[in-house]
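Engineer: Dropping in start_30.txt, with compact mmCIF, C-alpha atoms.
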# COMPACT_ATOMS: atom_id res chain seq x y z
CA MET A 1 62.01 110.63 102.55
CA LYS A 2 65.06 108.43 103.22
CA ARG A 3 66.15 108.76 99.59
CA ARG A 4 65.98 112.57 99.83
CA ILE A 5 68.10 112.53 102.99
CA VAL A 6 70.69 110.24 101.36
CA CYS A 7 70.80 112.42 98.23
CA THR A 8 71.19 115.55 100.34
CA LEU A 9 73.98 113.92 102.36
CA LEU A 10 75.82 112.75 99.21
CA LEU A 11 75.46 116.19 97.63
CA SER A 12 76.76 117.83 100.80
CA LEU A 13 79.73 115.45 100.93
CA THR A 14 80.43 116.00 97.23
CA LEU A 15 80.36 119.77 97.59
CA THR A 16 82.64 119.60 100.64
CA LEU A 17 85.17 117.38 98.86
CA THR A 18 84.90 119.37 95.63
CA ALA A 19 86.08 122.45 97.46
CA THR A 20 89.28 120.64 98.48
CA ALA A 21 89.69 118.05 95.72
CA LYS A 22 91.09 117.85 92.22
CA ASP A 23 89.65 115.63 89.49
CA VAL A 24 91.93 112.94 88.10
CA GLY A 25 91.05 111.30 84.79
CA PHE A 26 91.62 107.84 83.33
CA PRO A 27 93.06 106.87 80.88
CA LYS A 28 95.77 109.50 81.16
CA GLU A 29 95.84 110.61 77.49
CA GLU A 30 92.10 110.77 76.77
CA PRO A 31 90.15 110.45 80.03
CA ALA A 32 86.84 108.61 79.75
CA VAL A 33 86.24 108.54 83.52
CA SER A 34 87.26 110.95 86.25
CA LEU A 35 86.99 111.06 90.01
CA ALA A 36 87.88 113.47 92.78
CA LYS A 37 91.20 113.09 94.58
CA PRO A 38 91.00 114.53 98.12
CA GLU A 39 93.56 117.14 99.07
CA GLY A 40 96.65 115.49 100.53
CA TRP A 41 96.08 112.18 98.75
CA LYS A 42 98.59 111.07 96.10
CA SER A 43 98.01 109.92 92.55
CA LYS A 44 100.22 108.29 89.95
CA PHE A 45 99.92 106.40 86.68
CA GLU A 46 101.78 103.11 86.60
CA GLU A 47 101.58 100.20 84.15
CA GLY A 48 98.45 101.57 82.46
CA ARG A 49 96.56 102.10 85.71
CA LEU A 50 95.79 105.09 87.90
CA TYR A 51 96.51 104.77 91.62
CA ILE A 52 95.19 107.13 94.27
CA THR A 53 96.32 106.63 97.86
CA THR A 54 96.13 108.22 101.24
CA GLU A 55 99.30 109.95 102.38
CA ASP A 56 100.57 106.80 104.13
CA ASP A 57 100.16 104.73 100.91
CA GLU A 58 98.37 101.92 102.74
CA SER A 59 95.19 102.95 104.59
CA VAL A 60 93.23 103.32 101.34
CA ILE A 61 94.39 102.37 97.85
CA ILE A 62 92.27 103.16 94.80
CA GLU A 63 93.12 101.58 91.45
CA VAL A 64 91.42 102.64 88.22
CA SER A 65 91.87 100.41 85.18
CA ALA A 66 90.19 99.42 81.92
CA LEU A 67 88.41 96.09 81.72
CA LYS A 68 89.17 93.97 78.65
CA THR A 69 85.57 92.79 78.27
CA PRO A 70 83.19 95.12 76.37
CA LYS A 71 79.93 96.44 77.79
CA ALA A 72 77.85 94.08 75.62
CA LYS A 73 79.19 91.15 77.66
CA GLY A 74 78.27 92.42 81.12
CA ALA A 75 78.32 89.04 82.91
CA GLU A 76 81.80 88.30 81.56
CA ALA A 77 82.96 91.78 82.59
CA LEU A 78 81.69 91.15 86.11
CA ALA A 79 83.62 87.84 86.19
CA GLU A 80 86.74 89.67 84.96
CA MET A 81 86.35 92.25 87.72
CA LYS A 82 85.96 89.57 90.40
CA ALA A 83 88.97 87.64 89.05
CA SER A 84 91.06 90.80 89.26
CA VAL A 85 90.13 91.29 92.92
CA GLU A 86 90.74 87.62 93.73
CA GLU A 87 94.26 87.73 92.20
CA THR A 88 95.36 89.87 95.14
CA PHE A 89 92.94 88.97 97.92
CA LYS A 90 91.92 85.61 99.33
CA ASN A 91 88.79 84.61 101.25
CA VAL A 92 86.85 87.28 99.36
CA GLU A 93 83.20 87.58 100.35
CA TYR A 94 80.91 89.84 98.32
CA LYS A 95 77.65 91.43 99.33
CA PRO A 96 74.86 91.58 96.73
CA MET A 97 75.68 93.85 93.81
CA GLN A 98 74.27 97.37 93.84
CA GLU A 99 73.46 99.36 90.72
CA GLY A 100 73.39 103.08 90.34
CA GLY A 101 74.87 105.95 88.48
CA SER A 102 74.94 109.65 87.91
CA ASN A 103 77.18 112.15 86.19
CA ASN A 104 76.64 110.33 82.82
CA VAL A 105 78.06 107.02 84.09
CA GLY A 106 76.53 103.75 85.22
CA LEU A 107 77.89 102.00 88.30
CA TYR A 108 77.78 98.33 89.29
CA ILE A 109 79.15 98.05 92.82
CA LEU A 110 80.44 94.98 94.64
CA ASN A 111 81.26 95.63 98.29
CA GLY A 112 82.96 92.98 100.35
CA THR A 113 85.86 91.85 102.47
CA GLY A 114 88.99 89.83 101.91
CA GLU A 115 92.48 89.20 103.18
CA ASP A 116 95.98 89.79 101.87
CA GLU A 117 99.46 89.43 103.38
CA ASP A 118 98.78 92.45 105.62
CA GLY A 119 95.51 91.10 107.03
CA LYS A 120 91.82 91.89 106.60
CA ALA A 121 90.66 94.41 104.02
CA VAL A 122 87.46 96.22 103.10
CA LEU A 123 86.91 95.94 99.33
CA ASN A 124 84.80 97.97 96.88
CA ALA A 125 84.91 96.99 93.21
CA ILE A 126 82.98 99.30 90.90
CA MET A 127 82.38 98.62 87.21
CA VAL A 128 81.86 101.94 85.42
CA THR A 129 80.06 102.40 82.10
CA ASN A 130 80.46 105.62 80.18
CA GLY A 131 77.42 106.52 78.09
CA ASP A 132 77.59 105.17 74.55
CA ASN A 133 81.22 104.14 74.93
CA ASP A 134 81.58 100.33 74.68
CA ASP A 135 84.52 100.31 77.11
CA LEU A 136 84.18 99.42 80.78
CA TYR A 137 86.34 100.67 83.62
CA MET A 138 87.01 99.36 87.10
CA VAL A 139 87.45 101.53 90.17
CA PHE A 140 88.79 99.28 92.91
CA ILE A 141 89.13 100.46 96.50
CA ALA A 142 90.97 98.43 99.10
CA SER A 143 91.31 99.72 102.63
CA THR A 144 92.32 98.50 106.01
CA PRO A 145 89.38 98.24 108.42
CA GLU A 146 90.83 101.25 110.27
CA GLY A 147 91.34 103.17 107.02
CA SER A 148 87.78 102.42 105.97
CA LYS A 149 86.51 104.01 109.19
CA GLU A 150 88.92 106.96 109.17
CA TYR A 151 88.43 107.82 105.49
CA GLY A 152 84.87 106.55 105.03
CA GLU A 153 83.44 109.98 104.16
CA ASP A 154 86.23 110.61 101.64
CA ILE A 155 85.62 107.19 100.05
CA ALA A 156 81.86 107.84 99.78
CA THR A 157 82.51 111.23 98.24
CA ILE A 158 85.02 109.79 95.77
CA LEU A 159 82.42 107.22 94.71
CA ALA A 160 79.83 109.98 94.27
CA SER A 161 82.31 111.98 92.16
CA ILE A 162 82.86 109.31 89.47
CA LYS A 163 81.83 110.91 86.19
CA LYS A 164 82.36 111.27 82.48
CA PRO A 165 84.82 114.18 82.05
Go ahead and render the structure in this file as structure tokens.
Structural biologist:
Amino acid sequence: MKRRIVCTLLLSLTLTLTATAKDVGFPKEEPAVSLAKPEGWKSKFEEGRLYITTEDDESVIIEVSALKTPKAKGAEALAEMKASVEETFKNVEYKPMQEGGSNNVGLYILNGTGEDEDGKAVLNAIMVTNGDNDDLYMVFIASTPEGSKEYGEDIATILASIKKP
């Protein structure tokens, strides 16, 4: 029963965002992963990464990048993902990893908190697998506690929109 309610809610959120969102793919030349960018949010490619931000450029920042470690070495890829987060944030605390997937992708999700020079942050690091492709991708979301509350539905819908283009 609870699962059906959650699925219905996620589908409803996805359909709502889809009506006002545009898919953005990564990598830029031959996208292997795409996600919905809410209307009014900005996106840009810089230094081999895709960035999606709220209009103010600081409430929520999403970074999409390729991991160097292949899918066959999952534990090493997870360590690479954590190291990437911990390069920017200190005092990082992770909750237990969640697994899921849909839209022809697998998701390994680490939610947590940390701090940077601007203060506390809500962190979501998602390792994305893409079918038979040996490459792994990281969708990293950092938000202020206020941004996490204000844009929480958008963030959940973006996560639900991650797919193989």
Engineer: Can you work out which one of A:Glu99, A:Lys28, A:Glu115, A:Ser34 has the shortest atom-to-atom distance to Ile158 of chain A, counting all atoms listed in the file?
Structural biologist: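 Nearest to Ile158 of chain A: A:Ser34.
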Engineer: With distances taken over all atoms listed in the file, which residue among A:Lys37, A:Tyr51, A:Asn111, A:Met127 lies nearest Ala75 of chain A?
Structural biologist: A:Met127
Engineer: Could you give me, as a VMD selection string, the residues that sit within 10 Å of (78.9, 95.1, 97.1) in the file's coordinates, counting all atoms listed in the file?
Structural biologist: chain A and resid 93 to 99 108 to 113 123 to 126
Engineer: Could you name the residues that touch Gly131 of chain A at 8 Å or less, counting all atoms listed in the file, but leaving out those on the same chain fewer than 3 positions away, as a list in words?
Structural biologist: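 What passes the distance filter is Asn104, Val105 and Gly106 of chain A.
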Engineer: Taking into account all atoms listed in the file, which residue in the set A:Glu47, A:Asn103, A:Pro145, A:Tyr151 is nearest to Pro165 of chain A?
Structural biologist: A:Asn103
Engineer: Could you work out how far atom CA of Asp116 of chain A lies from atom CA of Ala156 of chain A, giving the answer in Å with one decimal?
Structural biologist: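 Calculated distance between atom CA of Ala156 of chain A and atom CA of Asp116 of chain A is 23.0 Å.
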Engineer: Restricting the calculation to all atoms listed in the file, which member of A:Gly25, A:Ala142, A:Asn133, A:Thr69 is positioned closest to Ile155 of chain A?
Structural biologist: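 That would be A:Ala142, the residue with the smallest distance to Ile155 of chain A.
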Engineer: Please list as a list in words every residue within 6 Å of segment 64-67 of chain A, counting only C-alpha atoms and excluding residues in the same chain fewer than 4 positions away.
Structural biologist: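 Once the adjacent positions are removed, what remains is Arg49, Leu50, Leu136, Tyr137, Met138 and Val139 of chain A.
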Engineer: Would you work out the distance separating atom CA of Gly100 of chain A from atom CA of Ala21 of chain A, expressed in Å to one decimal?
Structural biologist: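 Computed distance, atom CA of Gly100 of chain A to atom CA of Ala21 of chain A, equals 22.8 Å.
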Engineer: To one decimal in Å, tell me the separation between atom CA of Ile141 of chain A and atom CA of Glu86 of chain A.
Structural biologist: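 Atom-to-atom, atom CA of Ile141 of chain A and atom CA of Glu86 of chain A are spaced 13.2 Å apart.
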Engineer: Counting only C-alpha atoms, figure out which residue out of A:Ala72, A:Asp57, A:Ser84, A:Asp23 gets nearest to Asp135 of chain A.
Structural biologist: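 When distances to Asp135 of chain A are compared using only C-alpha atoms, the smallest one comes from A:Ala72.
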Engineer: Would you please work out which residue, of A:Glu146, A:Ala36, A:Ser43, A:Gly48, is nearest to Leu159 of chain A when using only C-alpha atoms?
Structural biologist: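 Of the candidates, the smallest distance to Leu159 of chain A is held by A:Ala36.
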Engineer: Which protein, DNA or RNA residues have an atom at most 12 Å from (94.4, 95.6, 109.6), counting only C-alpha atoms? List them as a list in words.
Structural biologist: Glu58, Ser59, Val60, Thr113, Gly114, Glu115, Asp116, Glu117, Asp118, Gly119, Lys120, Ala121, Val122, Ala142, Ser143, Thr144, Pro145, Glu146, Gly147, Ser148 and Lys149 of chain A
